[in-house]
$ cat run39.cif   # mmCIF, C-alpha atoms; chains and numbers go by the auth columns
data_start
#
loop_
_atom_site.group_PDB
_atom_site.id
_atom_site.type_symbol
_atom_site.label_atom_id
_atom_site.label_comp_id
_atom_site.label_asym_id
_atom_site.label_seq_id
_atom_site.Cartn_x
_atom_site.Cartn_y
_atom_site.Cartn_z
_atom_site.B_iso_or_equiv
_atom_site.auth_seq_id
_atom_site.auth_asym_id
ATOM 1 C CA MET A 1 -29.752 -0.755 -1.494 0.00 1 A
ATOM 2 C CA TYR A 2 -26.521 0.355 0.180 0.00 2 A
ATOM 3 C CA ASN A 3 -25.175 3.599 -1.264 0.00 3 A
ATOM 4 C CA TYR A 4 -21.466 2.954 -1.769 0.00 4 A
ATOM 5 C CA THR A 5 -20.939 6.313 -3.481 0.00 5 A
ATOM 6 C CA ALA A 6 -22.186 8.163 -0.411 0.00 6 A
ATOM 7 C CA ALA A 7 -20.114 5.913 1.842 0.00 7 A
ATOM 8 C CA ARG A 8 -17.020 6.664 -0.245 0.00 8 A
ATOM 9 C CA GLU A 9 -17.533 10.420 0.068 0.00 9 A
ATOM 10 C CA HIS A 10 -18.121 10.091 3.806 0.00 10 A
ATOM 11 C CA MET A 11 -14.878 8.086 4.109 0.00 11 A
ATOM 12 C CA VAL A 12 -12.935 10.865 2.415 0.00 12 A
ATOM 13 C CA GLU A 13 -14.499 13.646 4.462 0.00 13 A
ATOM 14 C CA SER A 14 -14.541 11.988 7.898 0.00 14 A
ATOM 15 C CA GLN A 15 -11.521 9.665 7.880 0.00 15 A
ATOM 16 C CA ILE A 16 -9.014 11.076 5.390 0.00 16 A
ATOM 17 C CA ARG A 17 -9.363 14.864 5.145 0.00 17 A
ATOM 18 C CA THR A 18 -9.646 15.168 8.932 0.00 18 A
ATOM 19 C CA ASN A 19 -6.270 13.440 9.319 0.00 19 A
ATOM 20 C CA ASP A 20 -4.185 16.063 7.503 0.00 20 A
ATOM 21 C CA VAL A 21 -4.416 14.526 4.035 0.00 21 A
ATOM 22 C CA THR A 22 -4.556 17.583 1.790 0.00 22 A
ATOM 23 C CA ASP A 23 -3.251 16.372 -1.579 0.00 23 A
ATOM 24 C CA ILE A 24 -6.060 17.162 -4.039 0.00 24 A
ATOM 25 C CA ALA A 25 -5.108 14.444 -6.541 0.00 25 A
ATOM 26 C CA LEU A 26 -4.950 11.841 -3.781 0.00 26 A
ATOM 27 C CA LEU A 27 -8.330 12.830 -2.375 0.00 27 A
ATOM 28 C CA SER A 28 -9.746 12.604 -5.891 0.00 28 A
ATOM 29 C CA ALA A 29 -8.317 9.096 -6.260 0.00 29 A
ATOM 30 C CA PHE A 30 -10.033 7.940 -3.081 0.00 30 A
ATOM 31 C CA ARG A 31 -13.304 9.413 -4.318 0.00 31 A
ATOM 32 C CA LYS A 32 -12.954 7.720 -7.698 0.00 32 A
ATOM 33 C CA ILE A 33 -11.846 4.150 -6.924 0.00 33 A
ATOM 34 C CA PRO A 34 -14.640 1.882 -5.564 0.00 34 A
ATOM 35 C CA ARG A 35 -13.076 0.304 -2.488 0.00 35 A
ATOM 36 C CA GLU A 36 -15.926 -2.184 -2.227 0.00 36 A
ATOM 37 C CA ASN A 37 -14.831 -3.841 -5.481 0.00 37 A
ATOM 38 C CA PHE A 38 -11.554 -4.950 -3.883 0.00 38 A
ATOM 39 C CA VAL A 39 -12.853 -6.819 -0.821 0.00 39 A
ATOM 40 C CA PRO A 40 -14.510 -10.261 -0.590 0.00 40 A
ATOM 41 C CA LYS A 41 -18.267 -10.090 -1.109 0.00 41 A
ATOM 42 C CA ALA A 42 -18.842 -11.167 2.477 0.00 42 A
ATOM 43 C CA LYS A 43 -16.960 -8.073 3.674 0.00 43 A
ATOM 44 C CA MET A 44 -18.339 -5.451 1.287 0.00 44 A
ATOM 45 C CA ALA A 45 -20.342 -3.823 4.088 0.00 45 A
ATOM 46 C CA LEU A 46 -17.034 -3.205 5.893 0.00 46 A
ATOM 47 C CA ALA A 47 -15.323 -1.586 2.903 0.00 47 A
ATOM 48 C CA TYR A 48 -15.619 2.001 4.149 0.00 48 A
ATOM 49 C CA GLY A 49 -15.148 1.398 7.864 0.00 49 A
ATOM 50 C CA ASP A 50 -12.297 2.924 9.840 0.00 50 A
ATOM 51 C CA ALA A 51 -10.427 -0.364 10.197 0.00 51 A
ATOM 52 C CA HIS A 52 -8.028 -2.694 8.416 0.00 52 A
ATOM 53 C CA ILE A 53 -9.734 -5.438 6.415 0.00 53 A
ATOM 54 C CA GLU A 54 -8.045 -8.821 6.374 0.00 54 A
ATOM 55 C CA LEU A 55 -8.241 -10.414 2.931 0.00 55 A
ATOM 56 C CA ASP A 56 -6.762 -13.682 1.702 0.00 56 A
ATOM 57 C CA ASP A 57 -3.366 -15.328 2.175 0.00 57 A
ATOM 58 C CA GLY A 58 -2.310 -12.993 4.968 0.00 58 A
ATOM 59 C CA ARG A 59 -3.047 -9.818 3.009 0.00 59 A
ATOM 60 C CA VAL A 60 -4.663 -6.736 4.487 0.00 60 A
ATOM 61 C CA MET A 61 -6.395 -3.680 3.061 0.00 61 A
ATOM 62 C CA LEU A 62 -5.054 -0.880 5.214 0.00 62 A
ATOM 63 C CA ARG A 63 -7.651 1.375 6.767 0.00 63 A
ATOM 64 C CA PRO A 64 -8.358 4.477 4.679 0.00 64 A
ATOM 65 C CA ARG A 65 -6.674 6.929 7.054 0.00 65 A
ATOM 66 C CA ASP A 66 -3.413 4.983 7.203 0.00 66 A
ATOM 67 C CA LEU A 67 -3.304 4.245 3.487 0.00 67 A
ATOM 68 C CA ALA A 68 -3.934 7.871 2.554 0.00 68 A
ATOM 69 C CA LYS A 69 -1.365 9.286 4.981 0.00 69 A
ATOM 70 C CA MET A 70 1.282 6.812 3.821 0.00 70 A
ATOM 71 C CA ILE A 71 0.683 7.511 0.138 0.00 71 A
ATOM 72 C CA GLN A 72 0.769 11.264 0.737 0.00 72 A
ATOM 73 C CA ALA A 73 4.059 10.860 2.631 0.00 73 A
ATOM 74 C CA ALA A 74 5.524 9.013 -0.372 0.00 74 A
ATOM 75 C CA GLY A 75 5.127 12.141 -2.499 0.00 75 A
ATOM 76 C CA ILE A 76 4.201 10.262 -5.683 0.00 76 A
ATOM 77 C CA GLY A 77 4.573 12.364 -8.841 0.00 77 A
ATOM 78 C CA PRO A 78 3.242 11.900 -12.383 0.00 78 A
ATOM 79 C CA ASN A 79 6.588 10.605 -13.675 0.00 79 A
ATOM 80 C CA ASP A 80 7.151 8.096 -10.871 0.00 80 A
ATOM 81 C CA VAL A 81 7.283 4.314 -11.173 0.00 81 A
ATOM 82 C CA VAL A 82 5.900 2.612 -8.057 0.00 82 A
ATOM 83 C CA LEU A 83 6.280 -0.912 -6.668 0.00 83 A
ATOM 84 C CA ASP A 84 3.246 -1.960 -4.598 0.00 84 A
ATOM 85 C CA LEU A 85 4.427 -4.860 -2.412 0.00 85 A
ATOM 86 C CA ALA A 86 1.817 -7.390 -1.257 0.00 86 A
ATOM 87 C CA CYS A 87 -0.793 -5.556 -3.298 0.00 87 A
ATOM 88 C CA GLY A 88 -3.502 -8.109 -2.466 0.00 88 A
ATOM 89 C CA ARG A 89 -6.549 -7.468 -4.621 0.00 89 A
ATOM 90 C CA GLY A 90 -5.065 -4.266 -6.009 0.00 90 A
ATOM 91 C CA TYR A 91 -6.862 -1.430 -4.225 0.00 91 A
ATOM 92 C CA SER A 92 -3.696 0.428 -3.226 0.00 92 A
ATOM 93 C CA THR A 93 -2.349 -0.171 -6.741 0.00 93 A
ATOM 94 C CA ALA A 94 -5.446 1.453 -8.227 0.00 94 A
ATOM 95 C CA ILE A 95 -5.200 4.460 -5.905 0.00 95 A
ATOM 96 C CA MET A 96 -1.523 5.084 -6.628 0.00 96 A
ATOM 97 C CA ALA A 97 -2.096 4.584 -10.367 0.00 97 A
ATOM 98 C CA GLN A 98 -4.085 7.841 -10.293 0.00 98 A
ATOM 99 C CA LEU A 99 -0.915 9.656 -9.207 0.00 99 A
ATOM 100 C CA ALA A 100 1.993 7.833 -10.860 0.00 100 A
ATOM 101 C CA ASP A 101 3.230 7.071 -14.355 0.00 101 A
ATOM 102 C CA MET A 102 3.259 3.307 -13.682 0.00 102 A
ATOM 103 C CA VAL A 103 2.474 1.022 -10.728 0.00 103 A
ATOM 104 C CA VAL A 104 3.763 -2.542 -10.500 0.00 104 A
ATOM 105 C CA GLY A 105 1.881 -4.712 -8.016 0.00 105 A
ATOM 106 C CA LEU A 106 3.758 -7.667 -6.528 0.00 106 A
ATOM 107 C CA GLU A 107 2.074 -10.821 -5.274 0.00 107 A
ATOM 108 C CA THR A 108 3.327 -14.312 -4.463 0.00 108 A
ATOM 109 C CA SER A 109 0.924 -16.512 -6.440 0.00 109 A
ATOM 110 C CA GLU A 110 -0.393 -16.565 -9.979 0.00 110 A
ATOM 111 C CA GLU A 111 -3.928 -16.817 -8.612 0.00 111 A
ATOM 112 C CA ALA A 112 -3.500 -13.544 -6.723 0.00 112 A
ATOM 113 C CA VAL A 113 -1.927 -11.931 -9.790 0.00 113 A
ATOM 114 C CA THR A 114 -4.849 -12.946 -11.985 0.00 114 A
ATOM 115 C CA ARG A 115 -7.474 -11.721 -9.526 0.00 115 A
ATOM 116 C CA ALA A 116 -5.792 -8.356 -8.933 0.00 116 A
ATOM 117 C CA THR A 117 -5.256 -7.866 -12.666 0.00 117 A
ATOM 118 C CA GLU A 118 -8.939 -8.484 -13.396 0.00 118 A
ATOM 119 C CA LEU A 119 -10.043 -6.045 -10.689 0.00 119 A
ATOM 120 C CA LEU A 120 -7.657 -3.368 -11.952 0.00 120 A
ATOM 121 C CA VAL A 121 -8.946 -3.805 -15.497 0.00 121 A
ATOM 122 C CA GLY A 122 -12.427 -3.299 -14.048 0.00 122 A
ATOM 123 C CA VAL A 123 -11.527 0.202 -12.853 0.00 123 A
ATOM 124 C CA ASN A 124 -9.575 1.078 -16.027 0.00 124 A
ATOM 125 C CA ALA A 125 -6.220 1.228 -14.236 0.00 125 A
ATOM 126 C CA ASP A 126 -4.344 0.891 -17.520 0.00 126 A
ATOM 127 C CA ASN A 127 -0.984 2.041 -16.142 0.00 127 A
ATOM 128 C CA THR A 128 -0.646 -0.969 -13.818 0.00 128 A
ATOM 129 C CA ALA A 129 0.825 -4.446 -14.029 0.00 129 A
ATOM 130 C CA VAL A 130 0.712 -7.191 -11.398 0.00 130 A
ATOM 131 C CA VAL A 131 3.543 -9.728 -11.285 0.00 131 A
ATOM 132 C CA ALA A 132 4.400 -12.782 -9.189 0.00 132 A
ATOM 133 C CA GLY A 133 7.488 -13.135 -7.022 0.00 133 A
ATOM 134 C CA GLY A 134 8.861 -13.252 -3.507 0.00 134 A
ATOM 135 C CA LEU A 135 8.052 -10.224 -1.383 0.00 135 A
ATOM 136 C CA LYS A 136 11.476 -9.985 0.249 0.00 136 A
ATOM 137 C CA ALA A 137 13.177 -10.133 -3.159 0.00 137 A
ATOM 138 C CA GLY A 138 11.053 -7.359 -4.641 0.00 138 A
ATOM 139 C CA ALA A 139 10.860 -6.958 -8.432 0.00 139 A
ATOM 140 C CA SER A 140 14.274 -5.786 -9.595 0.00 140 A
ATOM 141 C CA GLU A 141 13.562 -6.638 -13.229 0.00 141 A
ATOM 142 C CA HIS A 142 10.916 -3.892 -13.268 0.00 142 A
ATOM 143 C CA GLY A 143 12.940 -1.286 -11.346 0.00 143 A
ATOM 144 C CA PRO A 144 14.483 0.911 -10.274 0.00 144 A
ATOM 145 C CA PHE A 145 11.496 2.416 -8.503 0.00 145 A
ATOM 146 C CA ASN A 146 10.851 5.956 -7.389 0.00 146 A
ATOM 147 C CA VAL A 147 8.497 4.685 -4.683 0.00 147 A
ATOM 148 C CA ILE A 148 8.091 1.315 -2.963 0.00 148 A
ATOM 149 C CA PHE A 149 4.932 0.869 -0.897 0.00 149 A
ATOM 150 C CA VAL A 150 4.496 -2.010 1.576 0.00 150 A
ATOM 151 C CA ASN A 151 0.981 -3.211 2.427 0.00 151 A
ATOM 152 C CA GLY A 152 1.164 -4.519 5.985 0.00 152 A
ATOM 153 C CA ALA A 153 3.492 -4.382 8.945 0.00 153 A
ATOM 154 C CA VAL A 154 7.087 -5.638 8.843 0.00 154 A
ATOM 155 C CA HIS A 155 9.713 -5.899 11.574 0.00 155 A
ATOM 156 C CA GLU A 156 12.528 -4.820 9.265 0.00 156 A
ATOM 157 C CA VAL A 157 13.097 -3.443 5.780 0.00 157 A
ATOM 158 C CA SER A 158 14.478 -5.907 3.243 0.00 158 A
ATOM 159 C CA LYS A 159 17.833 -4.829 1.809 0.00 159 A
ATOM 160 C CA SER A 160 16.580 -5.850 -1.636 0.00 160 A
ATOM 161 C CA TRP A 161 13.919 -3.162 -1.425 0.00 161 A
ATOM 162 C CA THR A 162 16.289 -0.277 -0.760 0.00 162 A
ATOM 163 C CA GLU A 163 18.634 -1.573 -3.476 0.00 163 A
ATOM 164 C CA GLN A 164 15.751 -1.291 -5.967 0.00 164 A
ATOM 165 C CA LEU A 165 15.052 2.337 -5.117 0.00 165 A
ATOM 166 C CA ALA A 166 16.181 4.939 -7.624 0.00 166 A
ATOM 167 C CA ASN A 167 18.202 7.878 -6.373 0.00 167 A
ATOM 168 C CA ASP A 168 15.827 10.169 -4.458 0.00 168 A
ATOM 169 C CA GLY A 169 13.495 7.146 -4.114 0.00 169 A
ATOM 170 C CA ARG A 170 11.146 6.657 -1.156 0.00 170 A
ATOM 171 C CA LEU A 171 10.079 3.472 0.605 0.00 171 A
ATOM 172 C CA VAL A 172 6.964 3.633 2.796 0.00 172 A
ATOM 173 C CA CYS A 173 6.078 0.938 5.297 0.00 173 A
ATOM 174 C CA ILE A 174 4.786 0.215 8.796 0.00 174 A
ATOM 175 C CA LEU A 175 7.632 -0.890 11.068 0.00 175 A
ATOM 176 C CA GLN A 176 6.317 -2.757 14.055 0.00 176 A
ATOM 177 C CA LYS A 177 7.466 -4.616 17.144 0.00 177 A
ATOM 178 C CA GLY A 178 4.580 -6.487 18.711 0.00 178 A
ATOM 179 C CA PRO A 179 1.472 -4.273 18.883 0.00 179 A
ATOM 180 C CA ILE A 180 3.452 -1.022 18.618 0.00 180 A
ATOM 181 C CA GLY A 181 4.423 0.431 15.262 0.00 181 A
ATOM 182 C CA HIS A 182 4.855 3.509 13.126 0.00 182 A
ATOM 183 C CA ALA A 183 4.633 4.425 9.471 0.00 183 A
ATOM 184 C CA SER A 184 7.996 5.551 8.123 0.00 184 A
ATOM 185 C CA VAL A 185 9.425 6.916 4.898 0.00 185 A
ATOM 186 C CA PHE A 186 12.927 5.755 3.947 0.00 186 A
ATOM 187 C CA HIS A 187 14.572 8.214 1.547 0.00 187 A
ATOM 188 C CA LYS A 188 17.511 7.146 -0.632 0.00 188 A
ATOM 189 C CA THR A 189 20.164 9.713 -1.532 0.00 189 A
ATOM 190 C CA GLY A 190 23.112 8.122 -3.272 0.00 190 A
ATOM 191 C CA ASP A 191 24.121 5.234 -1.022 0.00 191 A
ATOM 192 C CA VAL A 192 22.572 6.769 2.089 0.00 192 A
ATOM 193 C CA ILE A 193 19.163 5.726 3.438 0.00 193 A
ATOM 194 C CA GLY A 194 17.449 8.091 5.861 0.00 194 A
ATOM 195 C CA GLU A 195 14.293 7.382 7.864 0.00 195 A
ATOM 196 C CA ARG A 196 11.481 9.778 8.739 0.00 196 A
ATOM 197 C CA ILE A 197 8.699 8.622 11.064 0.00 197 A
ATOM 198 C CA VAL A 198 5.356 9.917 9.799 0.00 198 A
ATOM 199 C CA PHE A 199 2.824 8.730 12.377 0.00 199 A
ATOM 200 C CA ASP A 200 2.139 5.992 14.932 0.00 200 A
ATOM 201 C CA THR A 201 -0.011 3.076 13.843 0.00 201 A
ATOM 202 C CA SER A 202 -0.181 -0.712 13.743 0.00 202 A
ATOM 203 C CA ALA A 203 -1.310 -3.345 11.260 0.00 203 A
ATOM 204 C CA PRO A 204 -1.265 -7.118 10.814 0.00 204 A
ATOM 205 C CA TYR A 205 2.187 -8.446 9.944 0.00 205 A
ATOM 206 C CA LEU A 206 2.847 -9.664 6.439 0.00 206 A
ATOM 207 C CA PRO A 207 3.586 -13.406 6.384 0.00 207 A
ATOM 208 C CA GLY A 208 7.342 -13.879 6.511 0.00 208 A
ATOM 209 C CA PHE A 209 7.917 -10.537 8.217 0.00 209 A
ATOM 210 C CA VAL A 210 6.924 -11.434 11.781 0.00 210 A
ATOM 211 C CA PRO A 211 9.758 -10.929 14.296 0.00 211 A
ATOM 212 C CA GLU A 212 11.061 -14.013 16.020 0.00 212 A
ATOM 213 C CA ALA A 213 9.948 -14.430 19.602 0.00 213 A
ATOM 214 C CA GLN A 214 12.445 -13.164 22.144 0.00 214 A
ATOM 215 C CA PHE A 215 12.894 -15.172 25.351 0.00 215 A
ATOM 216 C CA ALA A 216 14.278 -13.771 28.571 0.00 216 A
ATOM 217 C CA PHE A 217 16.381 -16.011 30.825 0.00 217 A
#

$ encode --input "run39.cif" --output "structure tokens"
Amino acid sequence: MYNYTAAREHMVESQIRTNDVTDIALLSAFRKIPRENFVPKAKMALAYGDAHIELDDGRVMLRPRDLAKMIQAAGIGPNDVVLDLACGRGYSTAIMAQLADMVVGLETSEEAVTRATELLVGVNADNTAVVAGGLKAGASEHGPFNVIFVNGAVHEVSKSWTEQLANDGRLVCILQKGPIGHASVFHKTGDVIGERIVFDTSAPYLPGFVPEAQFAF
């Protein structure tokens, strides 16, 4: 029988710690949460590979290295409220719930909300809630948020997202043009939004966030 516990530890040691992820609480979260629970059964053998896993409805589980580096860059604290955009089956929600006061997952269908909620209950992530709504609109009724995390690549940051950040809030996402992208942290101070590029990477685009094709004449 496949040893998922050993695979989880190997993921932390070979993919995450070796890529400058040093936050002890974050490493503990990756060791604790069973990643295999949050992927389709047909893809469970891929759960701990060094690659993105495409899920349902255009959702993606970011590869462990990218997810860990992005969460560390967000600087989530124990009093923070986090919005997890396009949370999919809830894996990133479960990880960040180990660090934050509250994590709100946002999905676009009630079916996705129900599935993610059930999986989060299964790992005792009691400080989470998954709600339905449009991704570009965010979840203003549950904000403001100290951190907004975007699962998947986008070509631009929605204005609604930065408006829902609290002062000193951070938004973490992968900005991408074609195959080239980078993970960035957008930091809100008053009415000013600053960007810090964290590392180069790429990921599948979220539906609705694909740049329009540009034609040369």

$ residues_around --input "run39.cif" --residues "Met61 (chain A)" --least-positions-apart "6" --cutoff "9 Å" --atoms "only C-alpha atoms" --output "PyMOL selection string"
chain A and resi 38-39+51-55+67+87-89+91-92+151-152

$ resolve_selection --input "run39.cif" --expression "the PyMOL selection byres ((chain A and resi 193) around 12)" --output "list in words"
Val157, Lys159, Trp161, Thr162, Glu163, Leu165, Ala166, Asn167, Asp168, Gly169, Arg170, Leu171, Val185, Phe186, His187, Lys188, Thr189, Gly190, Asp191, Val192, Gly194, Glu195 and Arg196 of chain A

$ residues_near_point --input "run39.cif" --point "(8.0, 0.6, 7.3)" --cutoff "6 Å" --atoms "all atoms listed in the file" --output "ChimeraX atom specification"
/A:172-175,183-184

$ write_last_selection --input "run39.cif" --atoms "C-alpha atoms" --output "PDB file, in the frame of the given file"
ATOM      1  CA  VAL A 172       6.964   3.633   2.796  1.00  0.00           C
ATOM      2  CA  CYS A 173       6.078   0.938   5.297  1.00  0.00           C
ATOM      3  CA  ILE A 174       4.786   0.215   8.796  1.00  0.00           C
ATOM      4  CA  LEU A 175       7.632  -0.890  11.068  1.00  0.00           C
ATOM      5  CA  ALA A 183       4.633   4.425   9.471  1.00  0.00           C
ATOM      6  CA  SER A 184       7.996   5.551   8.123  1.00  0.00           C
TER       7      SER A 184
END

$ resolve_selection --input "run39.cif" --expression "the PyMOL selection byres ((chain A and resi 15-22) around 7)" --output "PyMOL selection string"
chain A and resi 11-14+23-24+64-65+68-69+72

$ write_last_selection --input "run39.cif" --atoms "C-alpha atoms" --output "compact mmCIF listing (two decimals), in the frame of the given file"
# COMPACT_ATOMS: atom_id res chain seq x y z
CA MET A 11 -14.88 8.09 4.11
CA VAL A 12 -12.94 10.86 2.42
CA GLU A 13 -14.50 13.65 4.46
CA SER A 14 -14.54 11.99 7.90
CA ASP A 23 -3.25 16.37 -1.58
CA ILE A 24 -6.06 17.16 -4.04
CA PRO A 64 -8.36 4.48 4.68
CA ARG A 65 -6.67 6.93 7.05
CA ALA A 68 -3.93 7.87 2.55
CA LYS A 69 -1.36 9.29 4.98
CA GLN A 72 0.77 11.26 0.74

$ closest_residue --input "run39.cif" --among "A:Val103, A:Ile180, A:Ile76, A:Val113" --to "Gly143 (chain A)" --atoms "all atoms listed in the file"
A:Val103

$ atom_distance --input "run39.cif" --atom1 "CA of Ser140 (chain A)" --atom2 "CA of Val154 (chain A)"
19.8 Å

$ resolve_selection --input "run39.cif" --expression "the PyMOL selection byres ((chain A and resi 86) around 7)" --output "PyMOL selection string"
chain A and resi 59+84-85+87-88+106-107+135+150-151

$ atom_distance --input "run39.cif" --atom1 "CA of Ser28 (chain A)" --atom2 "CA of Gln98 (chain A)"
8.6 Å

$ residues_near_point --input "run39.cif" --point "(-1.3, -7.6, -10.9)" --cutoff "12 Å" --atoms "only C-alpha atoms" --output "ChimeraX atom specification"
/A:83-94,103-121,125-133

$ atom_distance --input "run39.cif" --atom1 "CA of Asp80 (chain A)" --atom2 "CA of Met102 (chain A)"
6.8 Å

$ closest_residue --input "run39.cif" --among "A:Pro144, A:Asn37, A:Asp66, A:Tyr4" --to "Asp200 (chain A)" --atoms "only C-alpha atoms"
A:Asp66

$ build_atoms --input "run39.cif" --residues "region 95-120 of chain A" --atoms "N, CA and C atoms" --output "mmCIF file, keeping the file's coordinate frame"
data_model
loop_
_atom_site.group_PDB
_atom_site.id
_atom_site.type_symbol
_atom_site.label_atom_id
_atom_site.label_comp_id
_atom_site.auth_asym_id
_atom_site.auth_seq_id
_atom_site.Cartn_x
_atom_site.Cartn_y
_atom_site.Cartn_z
ATOM 1 N N ILE A 95 -5.286 3.097 -6.444
ATOM 2 C CA ILE A 95 -5.200 4.460 -5.905
ATOM 3 C C ILE A 95 -3.932 5.142 -6.394
ATOM 4 N N MET A 96 -2.797 4.462 -6.247
ATOM 5 C CA MET A 96 -1.523 5.084 -6.628
ATOM 6 C C MET A 96 -1.392 5.262 -8.133
ATOM 7 N N ALA A 97 -2.122 4.448 -8.911
ATOM 8 C CA ALA A 97 -2.096 4.584 -10.367
ATOM 9 C C ALA A 97 -2.693 5.915 -10.814
ATOM 10 N N GLN A 98 -3.520 6.532 -9.973
ATOM 11 C CA GLN A 98 -4.085 7.841 -10.293
ATOM 12 C C GLN A 98 -3.049 8.956 -10.155
ATOM 13 N N LEU A 99 -1.925 8.644 -9.502
ATOM 14 C CA LEU A 99 -0.915 9.656 -9.207
ATOM 15 C C LEU A 99 0.375 9.450 -9.987
ATOM 16 N N ALA A 100 0.688 8.195 -10.316
ATOM 17 C CA ALA A 100 1.993 7.833 -10.860
ATOM 18 C C ALA A 100 1.952 7.602 -12.366
ATOM 19 N N ASP A 101 3.134 7.456 -12.949
ATOM 20 C CA ASP A 101 3.230 7.071 -14.355
ATOM 21 C C ASP A 101 2.921 5.591 -14.527
ATOM 22 N N MET A 102 3.444 4.748 -13.596
ATOM 23 C CA MET A 102 3.259 3.307 -13.682
ATOM 24 C C MET A 102 3.315 2.719 -12.280
ATOM 25 N N VAL A 103 2.448 1.729 -12.001
ATOM 26 C CA VAL A 103 2.474 1.022 -10.728
ATOM 27 C C VAL A 103 2.575 -0.468 -11.002
ATOM 28 N N VAL A 104 3.580 -1.094 -10.405
ATOM 29 C CA VAL A 104 3.763 -2.542 -10.500
ATOM 30 C C VAL A 104 3.333 -3.152 -9.177
ATOM 31 N N GLY A 105 2.305 -3.999 -9.208
ATOM 32 C CA GLY A 105 1.881 -4.712 -8.016
ATOM 33 C C GLY A 105 2.620 -6.034 -7.923
ATOM 34 N N LEU A 106 3.034 -6.409 -6.725
ATOM 35 C CA LEU A 106 3.758 -7.667 -6.528
ATOM 36 C C LEU A 106 2.976 -8.572 -5.602
ATOM 37 N N GLU A 107 2.728 -9.795 -6.083
ATOM 38 C CA GLU A 107 2.074 -10.821 -5.274
ATOM 39 C C GLU A 107 2.842 -12.132 -5.402
ATOM 40 N N THR A 108 2.522 -13.094 -4.544
ATOM 41 C CA THR A 108 3.327 -14.312 -4.463
ATOM 42 C C THR A 108 2.738 -15.498 -5.213
ATOM 43 N N SER A 109 1.526 -15.387 -5.715
ATOM 44 C CA SER A 109 0.924 -16.512 -6.440
ATOM 45 C C SER A 109 0.283 -16.026 -7.729
ATOM 46 N N GLU A 110 0.231 -16.913 -8.706
ATOM 47 C CA GLU A 110 -0.393 -16.565 -9.979
ATOM 48 C C GLU A 110 -1.889 -16.325 -9.809
ATOM 49 N N GLU A 111 -2.495 -17.024 -8.874
ATOM 50 C CA GLU A 111 -3.928 -16.817 -8.612
ATOM 51 C C GLU A 111 -4.189 -15.389 -8.141
ATOM 52 N N ALA A 112 -3.345 -14.912 -7.219
ATOM 53 C CA ALA A 112 -3.500 -13.544 -6.723
ATOM 54 C C ALA A 112 -3.229 -12.531 -7.824
ATOM 55 N N VAL A 113 -2.250 -12.815 -8.668
ATOM 56 C CA VAL A 113 -1.927 -11.931 -9.790
ATOM 57 C C VAL A 113 -3.112 -11.815 -10.733
ATOM 58 N N THR A 114 -3.710 -12.938 -11.061
ATOM 59 C CA THR A 114 -4.849 -12.946 -11.985
ATOM 60 C C THR A 114 -6.027 -12.168 -11.422
ATOM 61 N N ARG A 115 -6.332 -12.400 -10.147
ATOM 62 C CA ARG A 115 -7.474 -11.721 -9.526
ATOM 63 C C ARG A 115 -7.253 -10.215 -9.473
ATOM 64 N N ALA A 116 -6.071 -9.790 -9.014
ATOM 65 C CA ALA A 116 -5.792 -8.356 -8.933
ATOM 66 C C ALA A 116 -5.820 -7.711 -10.310
ATOM 67 N N THR A 117 -5.269 -8.404 -11.303
ATOM 68 C CA THR A 117 -5.256 -7.866 -12.666
ATOM 69 C C THR A 117 -6.672 -7.641 -13.171
ATOM 70 N N GLU A 118 -7.553 -8.604 -12.944
ATOM 71 C CA GLU A 118 -8.939 -8.484 -13.396
ATOM 72 C C GLU A 118 -9.643 -7.319 -12.711
ATOM 73 N N LEU A 119 -9.405 -7.143 -11.416
ATOM 74 C CA LEU A 119 -10.043 -6.045 -10.689
ATOM 75 C C LEU A 119 -9.514 -4.691 -11.147
ATOM 76 N N LEU A 120 -8.235 -4.616 -11.464
ATOM 77 C CA LEU A 120 -7.657 -3.368 -11.952
ATOM 78 C C LEU A 120 -8.164 -3.023 -13.345
#
